file run38.txt (compact mmCIF, C-alpha atoms and all ligand atoms)
# COMPACT_ATOMS: atom_id res chain seq x y z
CA MET O 1 110.97 122.05 120.17
CA ILE O 2 110.27 123.05 116.60
CA THR O 3 112.69 125.84 115.85
CA ASN O 4 113.91 126.07 112.28
CA ILE O 5 113.92 124.52 108.84
CA GLN O 6 117.02 122.47 109.62
CA GLY O 7 115.79 121.30 113.02
CA THR O 8 115.91 117.56 113.65
CA PHE O 9 114.28 114.72 115.53
CA THR O 10 116.76 112.29 117.07
CA LEU O 11 116.27 108.67 116.01
CA HIS O 12 116.77 105.92 118.62
CA ASN O 13 120.28 105.20 117.31
CA GLY O 14 121.27 108.86 117.80
CA VAL O 15 121.03 109.88 114.12
CA GLN O 16 119.57 113.37 113.63
CA MET O 17 116.81 113.39 111.03
CA PRO O 18 115.69 116.80 109.75
CA TYR O 19 111.99 116.92 110.61
CA LEU O 20 110.99 118.75 107.44
CA GLY O 21 111.75 117.15 104.10
CA LEU O 22 110.74 117.37 100.45
CA GLY O 23 108.70 114.50 99.00
CA VAL O 24 109.32 113.74 95.33
CA TYR O 25 106.67 111.16 94.44
CA LEU O 26 105.43 112.04 90.91
CA SER O 27 108.21 114.56 90.38
CA GLU O 28 109.46 113.59 86.96
CA GLU O 29 112.96 112.11 86.62
CA GLY O 30 115.36 114.63 85.07
CA LYS O 31 114.97 118.37 85.12
CA GLU O 32 111.74 118.50 87.14
CA VAL O 33 112.97 116.55 90.14
CA GLU O 34 116.45 118.10 89.99
CA GLN O 35 114.96 121.58 90.13
CA ALA O 36 112.61 120.69 92.96
CA VAL O 37 115.48 119.33 95.05
CA HIS O 38 117.65 122.31 94.11
CA TRP O 39 114.95 124.79 95.24
CA ALA O 40 114.34 122.83 98.43
CA LEU O 41 118.01 122.76 99.38
CA GLU O 42 118.36 126.43 98.51
CA THR O 43 115.38 127.21 100.75
CA GLY O 44 117.05 125.31 103.58
CA TYR O 45 115.37 121.87 103.48
CA ARG O 46 117.89 119.18 104.41
CA ASN O 47 115.82 116.04 103.90
CA ILE O 48 114.74 114.49 100.58
CA ASP O 49 112.35 111.53 100.38
CA THR O 50 112.53 109.33 97.29
CA ALA O 51 112.00 105.62 96.52
CA SER O 52 113.05 103.22 93.79
CA PHE O 53 109.35 103.09 92.82
CA TYR O 54 109.34 106.84 92.05
CA GLY O 55 111.86 106.35 89.25
CA ASN O 56 113.71 109.57 90.06
CA GLU O 57 116.61 108.52 92.28
CA ALA O 58 119.17 109.54 89.65
CA GLY O 59 117.81 113.09 89.49
CA VAL O 60 117.64 113.33 93.27
CA GLY O 61 121.25 112.13 93.53
CA ARG O 62 122.45 114.59 90.91
CA ALA O 63 120.76 117.51 92.62
CA VAL O 64 122.19 116.54 96.01
CA ARG O 65 125.69 115.98 94.63
CA HIS O 66 125.66 119.24 92.67
CA SER O 67 124.23 121.31 95.53
CA GLY O 68 127.64 122.29 96.86
CA LEU O 69 126.50 121.21 100.33
CA PRO O 70 128.67 118.81 102.33
CA ARG O 71 127.19 115.33 101.88
CA GLU O 72 126.59 114.92 105.62
CA GLU O 73 124.31 117.95 105.66
CA VAL O 74 121.65 116.39 103.43
CA PHE O 75 119.51 113.49 104.64
CA VAL O 76 118.44 111.19 101.79
CA THR O 77 115.77 108.49 102.14
CA SER O 78 114.92 105.74 99.68
CA LYS O 79 112.79 102.60 99.89
CA VAL O 80 112.83 99.02 98.69
CA TRP O 81 109.90 98.33 96.37
CA ASN O 82 107.48 95.43 96.90
CA SER O 83 108.60 93.30 93.95
CA ASP O 84 112.18 93.43 95.28
CA GLN O 85 111.32 92.21 98.76
CA GLY O 86 113.13 89.18 100.18
CA TYR O 87 116.68 88.99 101.56
CA ASP O 88 118.95 88.76 98.48
CA THR O 89 116.68 90.78 96.23
CA THR O 90 116.59 93.62 98.75
CA LEU O 91 120.38 93.71 98.94
CA GLN O 92 120.47 93.92 95.14
CA ALA O 93 117.76 96.59 95.04
CA PHE O 94 119.73 98.65 97.55
CA GLU O 95 122.85 98.53 95.35
CA ARG O 96 120.81 99.65 92.34
CA SER O 97 119.38 102.58 94.31
CA MET O 98 122.85 103.59 95.49
CA ALA O 99 124.21 103.43 91.95
CA LEU O 100 121.39 105.66 90.70
CA LEU O 101 121.77 108.10 93.59
CA GLY O 102 125.55 108.12 93.15
CA LEU O 103 126.06 108.30 96.91
CA ASP O 104 128.33 106.28 99.20
CA VAL O 105 125.97 106.10 102.15
CA MET O 106 122.20 106.30 102.37
CA ASP O 107 120.74 108.11 105.37
CA LEU O 108 117.49 106.17 105.70
CA TYR O 109 116.30 103.05 103.88
CA LEU O 110 112.70 101.93 104.33
CA VAL O 111 110.62 98.83 103.63
CA HIS O 112 108.05 100.56 101.41
CA TRP O 113 105.03 98.32 102.19
CA PRO O 114 104.49 95.33 104.53
CA VAL O 115 104.40 92.61 101.85
CA ALA O 116 103.00 89.55 103.66
CA GLY O 117 105.38 86.60 103.87
CA LYS O 118 108.31 88.74 102.71
CA TYR O 119 108.81 91.70 105.02
CA LYS O 120 110.77 89.78 107.68
CA ASP O 121 113.39 88.66 105.15
CA THR O 122 113.45 92.18 103.76
CA TRP O 123 114.02 93.51 107.25
CA ARG O 124 116.96 91.11 107.79
CA ALA O 125 118.54 92.58 104.65
CA LEU O 126 118.10 96.09 106.01
CA GLU O 127 119.72 94.96 109.27
CA THR O 128 122.67 93.64 107.25
CA LEU O 129 123.01 96.92 105.32
CA TYR O 130 122.88 98.86 108.58
CA GLU O 131 125.53 96.67 110.21
CA GLN O 132 127.72 97.07 107.14
CA GLY O 133 127.51 100.84 107.58
CA LYS O 134 125.91 101.34 104.15
CA VAL O 135 122.89 103.08 105.64
CA ARG O 136 122.74 105.31 108.71
CA ALA O 137 119.20 104.38 109.73
CA ILE O 138 116.61 101.78 108.72
CA GLY O 139 112.87 101.82 108.98
CA ILE O 140 109.52 100.79 107.63
CA SER O 141 106.58 102.38 105.89
CA ASN O 142 102.88 101.56 105.95
CA PHE O 143 103.16 99.15 108.87
CA LEU O 144 100.06 99.05 111.08
CA ARG O 145 100.45 97.97 114.68
CA HIS O 146 99.91 94.24 114.10
CA GLN O 147 102.46 94.20 111.26
CA LEU O 148 104.92 96.18 113.33
CA GLU O 149 104.51 93.89 116.35
CA ASP O 150 105.04 90.87 114.10
CA LEU O 151 108.20 92.43 112.66
CA LEU O 152 109.52 93.37 116.10
CA GLU O 153 109.24 89.76 117.28
CA GLY O 154 112.11 88.53 115.13
CA ALA O 155 113.99 91.78 114.63
CA ARG O 156 117.52 92.28 115.94
CA ILE O 157 117.31 96.00 115.26
CA ARG O 158 114.19 98.03 115.98
CA PRO O 159 113.07 100.22 113.06
CA MET O 160 114.04 103.82 113.60
CA VAL O 161 111.20 105.30 111.51
CA ASN O 162 107.66 104.38 110.44
CA GLN O 163 106.53 106.48 107.48
CA MET O 164 102.72 106.52 107.32
CA GLU O 165 99.89 108.34 105.62
CA PHE O 166 99.11 111.11 108.10
CA HIS O 167 96.97 114.26 107.82
CA PRO O 168 93.95 115.89 109.49
CA TYR O 169 91.59 113.19 108.16
CA LEU O 170 93.87 110.27 109.21
CA VAL O 171 95.54 110.75 112.55
CA GLN O 172 95.79 107.12 113.83
CA GLN O 173 96.67 108.42 117.30
CA ASP O 174 96.92 104.87 118.75
CA LEU O 175 99.53 103.88 116.19
CA LEU O 176 101.37 107.14 116.70
CA ASP O 177 101.43 106.53 120.47
CA PHE O 178 102.57 102.94 119.99
CA CYS O 179 105.44 104.02 117.74
CA LYS O 180 106.42 106.64 120.28
CA SER O 181 106.44 104.03 123.06
CA GLN O 182 108.82 101.97 120.90
CA GLN O 183 111.00 105.01 120.11
CA ILE O 184 110.09 104.64 116.44
CA GLN O 185 109.92 108.07 114.81
CA TYR O 186 106.65 108.68 112.96
CA GLN O 187 106.92 110.40 109.58
CA ALA O 188 103.93 111.70 107.58
CA TRP O 189 103.35 110.94 103.93
CA SER O 190 100.62 112.83 102.06
CA PRO O 191 100.61 115.41 104.87
CA LEU O 192 98.59 117.75 102.61
CA MET O 193 96.09 115.00 101.75
CA GLN O 194 97.47 115.06 98.19
CA GLY O 195 96.18 118.60 97.82
CA ASN O 196 92.74 117.98 99.39
CA VAL O 197 93.64 119.78 102.58
CA PHE O 198 92.99 123.10 100.86
CA GLN O 199 89.23 122.44 100.72
CA LEU O 200 88.70 122.33 104.49
CA PRO O 201 86.99 125.52 105.81
CA GLU O 202 87.95 124.81 109.43
CA LEU O 203 91.63 124.77 108.47
CA LYS O 204 91.20 127.96 106.48
CA ARG O 205 89.65 129.61 109.54
CA ILE O 206 92.39 128.48 111.94
CA ALA O 207 95.20 129.31 109.50
CA GLY O 208 93.70 132.79 109.09
CA THR O 209 93.95 133.51 112.80
CA TYR O 210 97.73 133.06 112.56
CA GLY O 211 98.06 134.83 109.22
CA LYS O 212 99.43 131.60 107.73
CA SER O 213 98.45 129.37 104.80
CA ILE O 214 96.63 126.06 105.23
CA ALA O 215 99.78 124.20 104.15
CA GLN O 216 101.90 126.01 106.74
CA LEU O 217 99.31 125.33 109.45
CA VAL O 218 98.99 121.63 108.67
CA LEU O 219 102.73 121.04 108.35
CA ARG O 220 103.36 122.91 111.60
CA TRP O 221 100.63 120.74 113.24
CA ASN O 222 102.58 117.65 112.11
CA LEU O 223 105.80 118.90 113.67
CA GLN O 224 104.15 120.03 116.92
CA LYS O 225 102.70 116.51 117.21
CA GLY O 226 106.23 115.14 116.96
CA VAL O 227 105.63 113.83 113.44
CA ALA O 228 108.31 114.44 110.81
CA THR O 229 106.88 115.47 107.45
CA ILE O 230 107.70 115.40 103.73
CA PRO O 231 105.27 117.56 101.71
CA LYS O 232 105.61 117.27 97.96
CA SER O 233 105.70 120.00 95.37
CA SER O 234 107.75 120.61 92.28
CA LYS O 235 106.84 124.31 92.14
CA GLU O 236 109.39 126.77 93.49
CA THR O 237 106.90 129.10 95.21
CA ARG O 238 105.15 126.22 97.00
CA ILE O 239 108.40 124.55 98.03
CA ARG O 240 109.51 127.83 99.56
CA SER O 241 106.21 128.83 101.19
CA ASN O 242 105.53 125.35 102.64
CA ALA O 243 108.69 125.71 104.72
CA ASP O 244 107.75 129.14 106.08
CA LEU O 245 106.30 127.73 109.29
CA PHE O 246 108.84 128.54 111.96
CA ASP O 247 107.50 131.94 113.01
CA PHE O 248 104.34 130.88 114.82
CA GLU O 249 103.13 128.37 117.39
CA ILE O 250 99.75 126.58 117.20
CA SER O 251 97.90 126.80 120.52
CA GLN O 252 96.87 123.64 122.37
CA GLY O 253 93.23 124.43 121.61
CA ASP O 254 93.87 124.71 117.89
CA MET O 255 96.03 121.55 117.92
CA ALA O 256 93.03 119.73 119.43
CA ALA O 257 90.66 121.32 116.90
CA ILE O 258 92.80 119.98 114.03
CA ASP O 259 93.04 116.54 115.70
CA ALA O 260 89.22 116.55 115.93
CA LEU O 261 88.89 116.68 112.11
CA ASP O 262 90.04 113.03 112.01
CA ARG O 263 87.69 110.75 110.00
CA HIS O 264 89.97 107.77 109.60
CA GLN O 265 89.87 108.51 105.88
CA ARG O 266 92.67 107.42 103.58
CA PHE O 267 93.70 109.00 100.28
CA GLY O 268 96.23 106.21 99.68
CA PRO O 269 95.99 102.41 99.91
CA ASP O 270 95.10 100.56 103.10
CA PRO O 271 98.15 98.66 104.45
CA ASP O 272 95.85 95.74 105.30
CA ILE O 273 94.42 95.23 101.82
CA PHE O 274 96.85 96.62 99.23
CA ASP O 275 97.47 94.27 96.30
CA PHE O 276 100.65 95.52 94.63
P1 LIG O 301 101.11 115.71 99.66
O1 LIG O 301 100.08 115.57 100.72
O2 LIG O 301 102.47 116.17 100.02
O3 LIG O 301 100.44 116.65 98.57
C1 LIG O 301 101.09 116.96 97.38
C2 LIG O 301 100.14 117.74 96.49
O4 LIG O 301 99.83 118.98 97.09
C3 LIG O 301 100.76 118.04 95.14
O5 LIG O 301 99.79 117.93 94.16
C4 LIG O 301 101.23 119.48 95.29
O6 LIG O 301 101.26 120.14 94.07
C5 LIG O 301 100.18 120.04 96.22
N1 LIG O 301 100.73 121.14 97.01
C6 LIG O 301 101.87 121.12 97.76
N2 LIG O 301 102.05 122.30 98.36
C7 LIG O 301 101.03 123.10 97.99
C8 LIG O 301 100.67 124.43 98.28
N3 LIG O 301 101.43 125.18 99.09
N4 LIG O 301 99.54 124.92 97.73
C9 LIG O 301 98.77 124.17 96.93
N5 LIG O 301 99.05 122.90 96.61
C10 LIG O 301 100.18 122.36 97.14
O7 LIG O 301 101.13 114.30 98.88
P2 LIG O 301 102.16 113.18 98.48
O8 LIG O 301 103.07 113.59 97.41
O9 LIG O 301 101.32 111.97 98.24
O10 LIG O 301 103.03 112.90 99.81
C11 LIG O 301 104.25 113.55 100.08
C12 LIG O 301 105.43 112.62 99.94
O11 LIG O 301 105.29 111.49 100.80
C13 LIG O 301 105.58 112.00 98.56
O12 LIG O 301 106.08 112.89 97.60
C14 LIG O 301 106.51 110.87 98.87
O13 LIG O 301 107.84 111.32 99.00
C15 LIG O 301 105.95 110.37 100.19
N6 LIG O 301 104.97 109.26 100.06
C16 LIG O 301 105.29 108.06 100.60
C17 LIG O 301 104.41 107.00 100.51
C18 LIG O 301 104.75 105.69 101.11
O14 LIG O 301 104.07 104.69 100.84
N7 LIG O 301 105.77 105.61 101.93
C19 LIG O 301 103.17 107.15 99.83
C20 LIG O 301 102.88 108.40 99.28
C21 LIG O 301 103.77 109.44 99.41
call {"tool": "encode", "arguments": {"input": "run38.txt", "output": "structure tokens", "more": "lines below"}}
Ligand code: NAD
result
Amino acid sequence: MITNIQGTFTLHNGVQMPYLGLGVYLSEEGKEVEQAVHWALETGYRNIDTASFYGNEAGVGRAVRHSGLPREEVFVTSKVWNSDQGYDTTLQAFERSMALLGLDVMDLYLVHWPVAGKYKDTWRALETLYEQGKVRAIGISNFLRHQLEDLLEGARIRPMVNQMEFHPYLVQQDLLDFCKSQQIQYQAWSPLMQGNVFQLPELKRIAGTYGKSIAQLVLRWNLQKGVATIPKSSKETRIRSNADLFDFEISQGDMAAIDALDRHQRFGPDPDIFDF
């Protein structure tokens, strides 16, 4: 049930993850990211998605710490970058992220990309951090089914989250179903197709029938599909309006109509052929 801005999906270890979060990729370190996080928390968002690669963990941490909210009410995600993958280097990268964030515990730590030959050692490091209680949940990002199955073979702890590119042009329903069968929570990155979602007439038409914006429709479609989502904006009005999606319900027919827009088209890199 999708009920309110602070509603959660329950991860397989029992941790409650707010299903709507703010993405901060390309939000500039310093004032820009701090303000974005401030506006999001003020609006009621309780989930912030950063990464060491984004270079803005310090600003995110400052905004969370200065929000006046109890620490346990804000869910903070970061990710280990590709060049830091491996067991020891991941442990070190995690400590650097924590120092920048200025937090005692991280809520979710992800393997950012499935770097071949490295991701299993990286995963062992995440298992260690989880067992040490330094992070409340661990997961992966950009793992296709074959990479996920390979990881699961040697894993002691099943990932709690898989964060993937997901939007009306890239549904990957098979992968979504597989993650669900493994109790791995799917989370959408680039849910607004990096801004391209606003060009689609069919979405404009459907959104109009509910009196909602395209962003609100698409984000609500994510949540009704059981997919957590982290739209990015650093503008106050957009941060606020993107979260105004708890006063309508998309019909089954319209859910199917949005699913049918799928073209298996990526706006980001392909997890099978990325080279960074
Ligand atoms: P997005 O789909 O969230 O789109 C963001 C773009 O849409 C921005 O240009 C923003 O200004 C614009 N926008 C947002 N709301 C709008 C509105 N209401 N009206 C008009 N324009 C609007 O793209 P994203 O930033 O790529 O993805 C979201 C988040 O996902 C990132 O910030 C990051 O946290 C995460 N992410 C993760 C990975 C990964 O590999 N794990 C990759 C990319 C992004």
call {"tool": "residues_around", "arguments": {"input": "run38.txt", "residues": "range 61-78 of chain O", "least_positions_apart": "5", "cutoff": "6 Å", "atoms": "all atoms listed in the file", "output": "list in words"}}
result
Glu34, His38, Arg46, Asn47, Ile48, Asp49, Thr50, Ala51, Leu101, Gly102, Asp107, Leu108 and Tyr109 of chain O
call {"tool": "write_last_selection", "arguments": {"input": "run38.txt", "atoms": "C-alpha atoms", "output": "mmCIF file, in the coordinates of the input"}}
result
data_model
loop_
_atom_site.group_PDB
_atom_site.id
_atom_site.type_symbol
_atom_site.label_atom_id
_atom_site.label_comp_id
_atom_site.auth_asym_id
_atom_site.auth_seq_id
_atom_site.Cartn_x
_atom_site.Cartn_y
_atom_site.Cartn_z
ATOM 1 C CA GLU O 34 116.450 118.100 89.990
ATOM 2 C CA HIS O 38 117.650 122.310 94.110
ATOM 3 C CA ARG O 46 117.890 119.180 104.410
ATOM 4 C CA ASN O 47 115.820 116.040 103.900
ATOM 5 C CA ILE O 48 114.740 114.490 100.580
ATOM 6 C CA ASP O 49 112.350 111.530 100.380
ATOM 7 C CA THR O 50 112.530 109.330 97.290
ATOM 8 C CA ALA O 51 112.000 105.620 96.520
ATOM 9 C CA LEU O 101 121.770 108.100 93.590
ATOM 10 C CA GLY O 102 125.550 108.120 93.150
ATOM 11 C CA ASP O 107 120.740 108.110 105.370
ATOM 12 C CA LEU O 108 117.490 106.170 105.700
ATOM 13 C CA TYR O 109 116.300 103.050 103.880
#
call {"tool": "residues_near_ligand", "arguments": {"input": "run38.txt", "ligand": "ligand LIG 301 (chain O)", "cutoff": "8 Å", "atoms": "only C-alpha atoms and all ligand atoms", "output": "JSON, numbers by chain"}}
result
{"O": [22, 23, 24, 25, 26, 27, 48, 49, 50, 51, 79, 112, 113, 141, 142, 163, 164, 165, 167, 188, 189, 190, 191, 192, 193, 194, 195, 196, 197, 198, 213, 214, 215, 216, 229, 230, 231, 232, 233, 234, 235, 237, 238, 239, 241, 242, 268]}
call {"tool": "atom_distance", "arguments": {"input": "run38.txt", "atom1": "CA of Gln172 in chain O", "atom2": "CA of His264 in chain O"}}
result
7.2 Å
call {"tool": "closest_residue", "arguments": {"input": "run38.txt", "among": "O:Asn162, O:Gln16, O:Thr3, O:Gln265", "to": "Pro114 in chain O", "atoms": "all atoms listed in the file"}}
result
O:Asn162
call {"tool": "residues_around", "arguments": {"input": "run38.txt", "residues": "Glu202 in chain O", "least_positions_apart": "4", "cutoff": "12 Å", "atoms": "all atoms listed in the file", "output": "ChimeraX atom specification"}}
result
/O:168,197-198,206-209,214,217-218,254,257-261
call {"tool": "atom_distance", "arguments": {"input": "run38.txt", "atom1": "CA of Ser83 in chain O", "atom2": "CA of Val115 in chain O"}}
result
9.0 Å
call {"tool": "build_atoms", "arguments": {"input": "run38.txt", "residues": "range 11-39 of chain O", "atoms": "N, CA and C atoms", "output": "compact mmCIF listing (two decimals), in the coordinates of the input"}}
result
# COMPACT_ATOMS: atom_id res chain seq x y z
N LEU O 11 116.72 110.06 116.12
CA LEU O 11 116.27 108.67 116.01
C LEU O 11 116.86 107.85 117.17
N HIS O 12 116.35 106.65 117.41
CA HIS O 12 116.77 105.92 118.62
C HIS O 12 118.23 105.45 118.56
N ASN O 13 118.84 105.53 117.38
CA ASN O 13 120.28 105.20 117.31
C ASN O 13 121.14 106.47 117.37
N GLY O 14 120.51 107.62 117.64
CA GLY O 14 121.27 108.86 117.80
C GLY O 14 121.37 109.69 116.53
N VAL O 15 120.97 109.12 115.38
CA VAL O 15 121.03 109.88 114.12
C VAL O 15 120.01 111.03 114.15
N GLN O 16 120.44 112.19 113.68
CA GLN O 16 119.57 113.37 113.63
C GLN O 16 118.88 113.42 112.28
N MET O 17 117.56 113.33 112.28
CA MET O 17 116.81 113.39 111.03
C MET O 17 116.10 114.74 110.94
N PRO O 18 116.42 115.54 109.91
CA PRO O 18 115.69 116.80 109.75
C PRO O 18 114.19 116.53 109.69
N TYR O 19 113.41 117.25 110.50
CA TYR O 19 111.99 116.92 110.61
C TYR O 19 111.16 117.43 109.45
N LEU O 20 111.69 118.33 108.65
CA LEU O 20 110.99 118.75 107.44
C LEU O 20 111.77 118.29 106.22
N GLY O 21 111.08 117.61 105.31
CA GLY O 21 111.75 117.15 104.10
C GLY O 21 110.90 117.44 102.88
N LEU O 22 111.48 117.24 101.71
CA LEU O 22 110.74 117.37 100.45
C LEU O 22 110.40 115.98 99.94
N GLY O 23 109.11 115.74 99.66
CA GLY O 23 108.70 114.50 99.00
C GLY O 23 108.79 114.66 97.50
N VAL O 24 109.17 113.60 96.79
CA VAL O 24 109.32 113.74 95.33
C VAL O 24 108.54 112.68 94.55
N TYR O 25 107.51 112.09 95.18
CA TYR O 25 106.67 111.16 94.44
C TYR O 25 105.96 111.93 93.32
N LEU O 26 106.03 111.41 92.10
CA LEU O 26 105.43 112.04 90.91
C LEU O 26 106.18 113.28 90.42
N SER O 27 107.34 113.56 91.00
CA SER O 27 108.21 114.56 90.38
C SER O 27 108.99 113.81 89.30
N GLU O 28 108.91 114.32 88.10
CA GLU O 28 109.46 113.59 86.96
C GLU O 28 110.98 113.50 87.01
N GLU O 29 111.50 112.30 86.70
CA GLU O 29 112.96 112.11 86.62
C GLU O 29 113.55 113.12 85.62
N GLY O 30 114.72 113.65 85.96
CA GLY O 30 115.36 114.63 85.07
C GLY O 30 115.19 116.02 85.64
N LYS O 31 114.96 116.95 84.72
CA LYS O 31 114.97 118.37 85.12
C LYS O 31 113.98 118.70 86.24
N GLU O 32 112.76 118.12 86.15
CA GLU O 32 111.74 118.50 87.14
C GLU O 32 112.17 118.17 88.56
N VAL O 33 112.61 116.93 88.77
CA VAL O 33 112.97 116.55 90.14
C VAL O 33 114.26 117.25 90.57
N GLU O 34 115.19 117.42 89.64
CA GLU O 34 116.45 118.10 89.99
C GLU O 34 116.18 119.53 90.45
N GLN O 35 115.27 120.20 89.74
CA GLN O 35 114.96 121.58 90.13
C GLN O 35 114.26 121.64 91.46
N ALA O 36 113.34 120.70 91.68
CA ALA O 36 112.61 120.69 92.96
C ALA O 36 113.59 120.51 94.11
N VAL O 37 114.50 119.57 93.97
CA VAL O 37 115.48 119.33 95.05
C VAL O 37 116.40 120.54 95.19
N HIS O 38 116.79 121.11 94.08
CA HIS O 38 117.65 122.31 94.11
C HIS O 38 116.96 123.44 94.89
N TRP O 39 115.68 123.70 94.55
CA TRP O 39 114.95 124.79 95.24
C TRP O 39 114.80 124.48 96.73
